[in-house]
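Participant: First, the structure itself, so that you have it in front of you.
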Amino acid sequence: MSSTPTATTTAPGAQAPRTRPSAPQAPPARLRAWVTRAPLLPALVFLIIVTQLPMVATLVISVFDWNALYPEARTFAGLANYGEVLGDPELRKSVLTTILLTVTVVLVSLVLGMLLALLLDRRFKGRGAVRTMLIAPFLLVPVAAALLWKHVLYNPEYGLFNGALHWILGDGAAQPDWVAEMPLGAVEASLVWQWTPFMMLILLAGLQSRPSEAVEAAWIDGASAWQVFRYITLPHLRRYLELGALLGTVYIVQNFDAVFTITSGGLGTANLPYSIYQTFYQGHEYGLASAAGVLVVIGSIIIATLALRVVSSLFNEEARS
Amino acid sequence: MSATGSTVRGTEAKGGAKAAANTAPKSVRRRNAGLGLIAWLAGILFVLPVLWMALTSLHSETDAATNPPSLAAPLTLDGYREFFGAGGGPSPWFSLANSLTASVVSTLFVLLLALPAAYALSIRPVRKWTDVLFFFLSTKMLPVVAGLLPIYLFAKNTGMLDNIWLLVILYTSMNLPIAVWMMQSFLAEVPTALIEAAQIDGARLPVILTRVVAPIAMPGIAATSLICFIFSWNEMLFARVLTGVIAQTAPVFLTGFITSQGLFLAKVCAASLVISLPVLAAGFAAQDKLVQGLSLGAVK
């Protein structure tokens with residue numbers, strides 16, 4: 001592809017989109033820079049107004065003692081809300097629940113997703129059909145998927161799980177109340193089911209970009225399947241694993257639908273998004289909810305920084321190749 | 001690679017070499033068939049709950065609630081009739097229409113905003129275009145729940161509560177970063193030489209956009225739209241907090257099934273399936289580009 005400048009174009013960037021155009025110096029160049037920038041501005045301004053302003057407002061509200069039921073009692077509280085959030089055992093527990101839920105779901109679906117991706121990364125009859133079947137869980141509306149698990153699978157009286165136990169083990173089969181006995185596990189299982197396809201898709205894309213010469217050379221050298229996996233596939237997949245883990249984390253830390261639907265935040269499954277929702281929507285503690293929100297944002301920024309770094313390393317590699 | 005090969009030792013190496021020399025194609029084929037079978041089993045296991053939901057939705061309420069489950073019970077559409085309000089329950093049509101409005105209109109807005117932005121980040125890039133791209137992405141990383149309260153207060157004070165247009169705006173902002181990332185990568189695939197050639201031929205910008213860029217980028221733009229549609233259709237937290245009766249969306253309608261209401265399994269399954277149908281259709285249609293959208297364009 002040629003990147004030689006032509007006489008007909010005006011902007012220096014048009015010839016080489018992947019390189020930074022030289023800095024404009026003369027006024028006309030500055031004008032041209034604004035013309036180049038113009039298509040970007042509506043999206044940028046819109047996004048800043050709709051996503052950044054609320055965050056600033058949250059930050060402001062978080063330093064007020066503000067309960068919506070007593071609006072006249074709104075007073076400046078400094079960092080008291082933060083102290084209260086950090087000292088509140090319920091909220092502290094929801095931090096722990098969020099971490100536990102996220103780590104479990106991400107790790108289990110990552111491992112399952114990798115096994116499935118390895119299975120799909122070969123020719124066999126009906127591979128497309130299997131891929132389609134595997135993606136199906138991910139394509140249910142999250143609330144619908146959660147309802148499916150809560151009522152159709154977990155229900156202690158007529159759910160499929162206990163029905164299957166009845167089928168296999170006969171009349172004396174145990175009939176556990178899944179949600180009551182392992183509430184967090186119940187939420188996690190449904191999320192693992194929905195998120196494994198996501199991990200599989202990312203890792204499958206990674207496997208398919210694996211250089212086939214290296215694998216073939218290793219086979220010819222007599223490497224075992226495990227050695228090929230350990231020394232070629234896994235190092236190549238590392239960045240895709242990181243990407244899957246971090247994006248999964250970003251999405252699952254925010255999970256609200258499954259917790260809200262399956263346990264309604266009860267039985268110790270309230271994660272941070274649910275607790276914040278609860279604090280403001282039912283508790284009407286605006287200041288407190290905002291302080292918790294700010295803390296979640298700080299946590300997210302830490303994860304997001306890592307995620308952005310991985311995305312950017314993949315991105316730069318792509319740009320170089 | 002030779003380093004990897006040299007670590008192979010002893011019988012394993014001999015066995016491996018022999019297999020490679022003599023029986024490799026056959027044994028590999030047999031192993032592949034075996035693994036293919038496992039893949040099939042895994043696929044069936046994952047899709048089974050969905051199939052079970054479909055079967056249950058076609059049973060009568062009494063047949064749906066037996067233990068052990070009745071597989072061969074007669075099929076009926078009663079669950080669907082119930083869901084659509086035959087039994088006197090709330091009709092889902094309003095919420096389906098609301099979801100459709102919110103998803104389709106917000107997707108159109110996203111395209112309107114994202115296409116020019118992606119153009120300014122790929123075909124004719126601004127300075128430091130990668131920084132801008134990453135700013136878009138970073139907004140996606142912040143949890144929505146943190147901005148929920150100010151948005152709620154704003155809506156309450158401006159009378160925008162229970163108004164579908166508020167959701168349209170929020171869904172547009174929710175999907176815009178993903179769309180900009182995806183579109184940027186699709187537009188970057190348009191060869192610069194093609195655009196230059198068109199410019200030399202004297203083509204003006206609108207012609208270049210419609211005749212050169214659009215045909216190449218179209219499949220990507222379509223996939224982006226489908227993914228934005230899915231995310232908007234699925235969204236529940238904003239919809240739950242900011243809508244009530246008039247602007248209720250389909251996922252909020254589904255939350256009405258959270259508490260058990262006696263024998264209602266067939267109805268729940270019918271409702272979940274009908275409301276998931278647009279997502280299933282859009283998802284399978286965009287299957288190949290799904291990863292790219294979900295990984296925010298990082299994986300092709």
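Ordered as shown in the structure tokens, chains take letters A, B, and onward, while each chain numbers its residues from 1 and ligands are numbered from 1 in the order shown.
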What residues in chain B lie within 6 Å of chain A, counting only C-alpha atoms, written as a CSV table (one decimal) with N, CA and C atoms, in the first residue's frame?

Facilitator:
```csv
chain,number,residue,atom,x,y,z
B,5,GLY,N,11.4,-28.9,20.7
B,5,GLY,CA,11.6,-30.3,20.3
B,5,GLY,C,12.6,-31.1,21.1
B,13,ALA,N,9.2,-39.5,23.2
B,13,ALA,CA,9.8,-39.0,22.0
B,13,ALA,C,9.7,-40.1,20.9
B,16,GLY,N,6.1,-40.8,20.0
B,16,GLY,CA,5.6,-39.7,19.2
B,16,GLY,C,6.2,-39.7,17.8
B,17,ALA,N,7.5,-40.0,17.7
B,17,ALA,CA,8.1,-40.1,16.4
B,17,ALA,C,7.5,-41.2,15.5
B,36,GLY,N,-14.2,-34.6,18.8
B,36,GLY,CA,-15.4,-34.0,18.2
B,36,GLY,C,-16.6,-34.4,18.9
B,39,ALA,N,-16.9,-32.5,22.0
B,39,ALA,CA,-17.3,-31.1,21.7
B,39,ALA,C,-18.8,-31.1,21.5
B,40,TRP,N,-19.3,-32.1,20.8
B,40,TRP,CA,-20.8,-32.2,20.6
B,40,TRP,C,-21.5,-32.3,21.9
B,43,GLY,N,-21.5,-29.0,23.7
B,43,GLY,CA,-22.5,-28.1,23.0
B,43,GLY,C,-23.9,-28.4,23.4
B,46,PHE,N,-24.6,-27.3,27.0
B,46,PHE,CA,-24.7,-25.9,27.1
B,46,PHE,C,-26.1,-25.4,26.6
B,47,VAL,N,-26.5,-26.0,25.5
B,47,VAL,CA,-27.8,-25.5,24.9
B,47,VAL,C,-29.0,-26.2,25.6
B,65,ALA,N,-44.9,-28.6,35.6
B,65,ALA,CA,-44.5,-28.6,37.0
B,65,ALA,C,-44.5,-30.0,37.6
B,66,THR,N,-44.2,-31.0,36.9
B,66,THR,CA,-44.2,-32.4,37.4
B,66,THR,C,-42.8,-32.7,37.8
B,67,ASN,N,-42.6,-33.6,38.7
B,67,ASN,CA,-41.3,-34.1,39.2
B,67,ASN,C,-41.4,-35.6,39.4
B,68,PRO,N,-40.7,-36.5,38.6
B,68,PRO,CA,-39.8,-36.1,37.5
B,68,PRO,C,-40.5,-35.5,36.4
B,69,PRO,N,-39.7,-34.7,35.6
B,69,PRO,CA,-40.3,-33.9,34.5
B,69,PRO,C,-41.0,-34.8,33.5
B,113,LEU,N,-23.6,9.2,15.3
B,113,LEU,CA,-22.5,9.8,16.1
B,113,LEU,C,-21.2,9.1,15.8
B,116,PRO,N,-19.1,9.3,11.9
B,116,PRO,CA,-18.2,10.4,11.6
B,116,PRO,C,-17.0,10.4,12.6
B,117,ALA,N,-17.2,10.0,13.8
B,117,ALA,CA,-16.1,9.9,14.8
B,117,ALA,C,-15.1,8.9,14.3
B,120,ALA,N,-13.0,10.2,11.6
B,120,ALA,CA,-11.9,11.1,12.1
B,120,ALA,C,-10.8,10.3,12.9
B,122,SER,N,-9.8,7.1,11.8
B,122,SER,CA,-9.2,6.1,10.9
B,122,SER,C,-8.8,6.6,9.6
B,123,ILE,N,-9.8,7.0,8.8
B,123,ILE,CA,-9.5,7.4,7.4
B,123,ILE,C,-8.8,8.7,7.3
B,124,ARG,N,-9.2,9.6,8.1
B,124,ARG,CA,-8.6,10.9,8.2
B,124,ARG,C,-8.3,11.3,9.6
B,125,PRO,N,-7.3,10.7,10.2
B,125,PRO,CA,-7.2,10.7,11.7
B,125,PRO,C,-6.7,12.1,12.2
B,126,VAL,N,-7.3,12.4,13.4
B,126,VAL,CA,-6.9,13.6,14.1
B,126,VAL,C,-5.5,13.3,14.7
B,127,ARG,N,-4.9,14.3,15.3
B,127,ARG,CA,-3.6,14.1,16.0
B,127,ARG,C,-4.0,13.3,17.3
B,141,MET,N,-15.6,1.5,30.9
B,141,MET,CA,-15.1,0.8,32.0
B,141,MET,C,-15.7,1.2,33.4
B,143,PRO,N,-18.5,1.8,36.1
B,143,PRO,CA,-19.7,1.1,36.4
B,143,PRO,C,-20.9,2.1,36.3
B,145,VAL,N,-23.7,1.9,37.6
B,145,VAL,CA,-24.4,2.2,38.9
B,145,VAL,C,-23.9,3.4,39.6
B,146,ALA,N,-22.7,3.8,39.3
B,146,ALA,CA,-22.1,5.0,40.0
B,146,ALA,C,-22.7,6.3,39.5
B,147,GLY,N,-23.2,6.3,38.3
B,147,GLY,CA,-23.8,7.5,37.7
B,147,GLY,C,-25.3,7.5,37.8
B,150,PRO,N,-27.4,10.5,40.0
B,150,PRO,CA,-27.5,11.8,39.4
B,150,PRO,C,-28.5,11.8,38.2
B,173,SER,N,-25.4,6.5,24.8
B,173,SER,CA,-24.1,6.8,25.4
B,173,SER,C,-23.4,5.5,25.8
B,234,ASN,N,-31.0,-5.8,26.1
B,234,ASN,CA,-30.8,-6.5,27.3
B,234,ASN,C,-30.8,-5.7,28.6
B,258,ILE,N,-40.2,-12.5,38.9
B,258,ILE,CA,-39.1,-12.9,39.8
B,258,ILE,C,-39.7,-13.7,41.0
B,272,SER,N,-39.7,-15.6,28.5
B,272,SER,CA,-38.2,-15.4,28.4
B,272,SER,C,-37.8,-15.7,27.0
B,276,SER,N,-36.3,-13.0,24.4
B,276,SER,CA,-34.9,-13.2,24.0
B,276,SER,C,-34.8,-13.4,22.5
B,279,VAL,N,-32.7,-11.0,20.4
B,279,VAL,CA,-31.3,-11.0,20.7
B,279,VAL,C,-30.7,-12.3,20.1
B,280,LEU,N,-31.4,-13.4,20.2
B,280,LEU,CA,-30.9,-14.7,19.6
B,280,LEU,C,-30.7,-14.5,18.1
B,291,VAL,N,-17.4,-11.5,18.7
B,291,VAL,CA,-16.2,-11.4,19.5
B,291,VAL,C,-15.6,-10.0,19.4
B,298,ALA,N,-10.7,-5.4,20.2
B,298,ALA,CA,-9.4,-5.8,20.4
B,298,ALA,C,-9.0,-7.2,19.7
```

Participant: Applying 12 Å and only C-alpha atoms, which residues near Gly83 of chain A remain after dropping the ones on its own chain fewer than 3 positions away? List them as a ChimeraX atom specification.

Facilitator: /A:62-63,77-80,86-89,91-92,287-288,291-292,295

Participant: Would you mind exporting C-alpha atoms of the selected residues as a compact mmCIF listing (two decimals), in the first residue's frame?

Facilitator:
```
# COMPACT_ATOMS: atom_id res chain seq x y z
CA SER A 62 -21.05 11.93 48.10
CA VAL A 63 -19.86 14.67 50.46
CA ALA A 77 -20.73 16.04 55.54
CA GLY A 78 -17.20 16.06 54.22
CA LEU A 79 -15.80 12.56 54.08
CA ALA A 80 -18.19 11.20 56.71
CA LEU A 86 -16.09 1.72 54.83
CA GLY A 87 -17.33 1.06 58.36
CA ASP A 88 -20.68 -0.45 57.36
CA PRO A 89 -20.43 -4.24 57.74
CA LEU A 91 -21.36 -2.74 52.50
CA ARG A 92 -18.02 -4.22 53.44
CA GLY A 287 -25.05 10.68 50.05
CA LEU A 288 -24.14 7.20 51.21
CA ALA A 291 -19.88 7.58 48.34
CA ALA A 292 -20.17 3.85 47.68
CA LEU A 295 -15.46 3.81 45.78
```

Participant: Give the helix (DSSP H, G or I) residues of segment 117-291 of chain B, as DSSP finds them on the backbone, and put them as number ranges by chain.

Facilitator: B: 117-121, 129-141, 145-158, 164-188, 192-200, 205-234, 237-242, 250-255, 265-285, 287-291

Participant: Quick one: pull the distance between atom CA of Thr249 of chain A and atom CA of Trp195 of chain A, Å, one decimal.

Facilitator: 10.8 Å

Participant: In Å, with one decimal, what is the gap from atom CA of Leu149 of chain B to atom CA of Val241 of chain B?

Facilitator: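 These atoms are spaced 9.3 Å apart.
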
Participant: Using only C-alpha atoms, which of the listed residues (A:Gly185, A:Ser190, A:Arg210, A:Val259) sits closest to Pro235 of chain A?

Facilitator: A:Arg210

Participant: Rounded to one decimal in Å, what is the spacing between atom CA of Phe154 of chain B and atom CA of Leu115 of chain B?

Facilitator: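 Between these atoms lies a distance of 28.9 Å.
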
Participant: Give the answer as one residue: which of A:Val45, A:Arg30, A:Gly266, A:Leu101 has the shortest atom-to-atom distance to Leu176 of chain B, using only C-alpha atoms?

Facilitator: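 Under the stated criterion, the closest residue is A:Val45.
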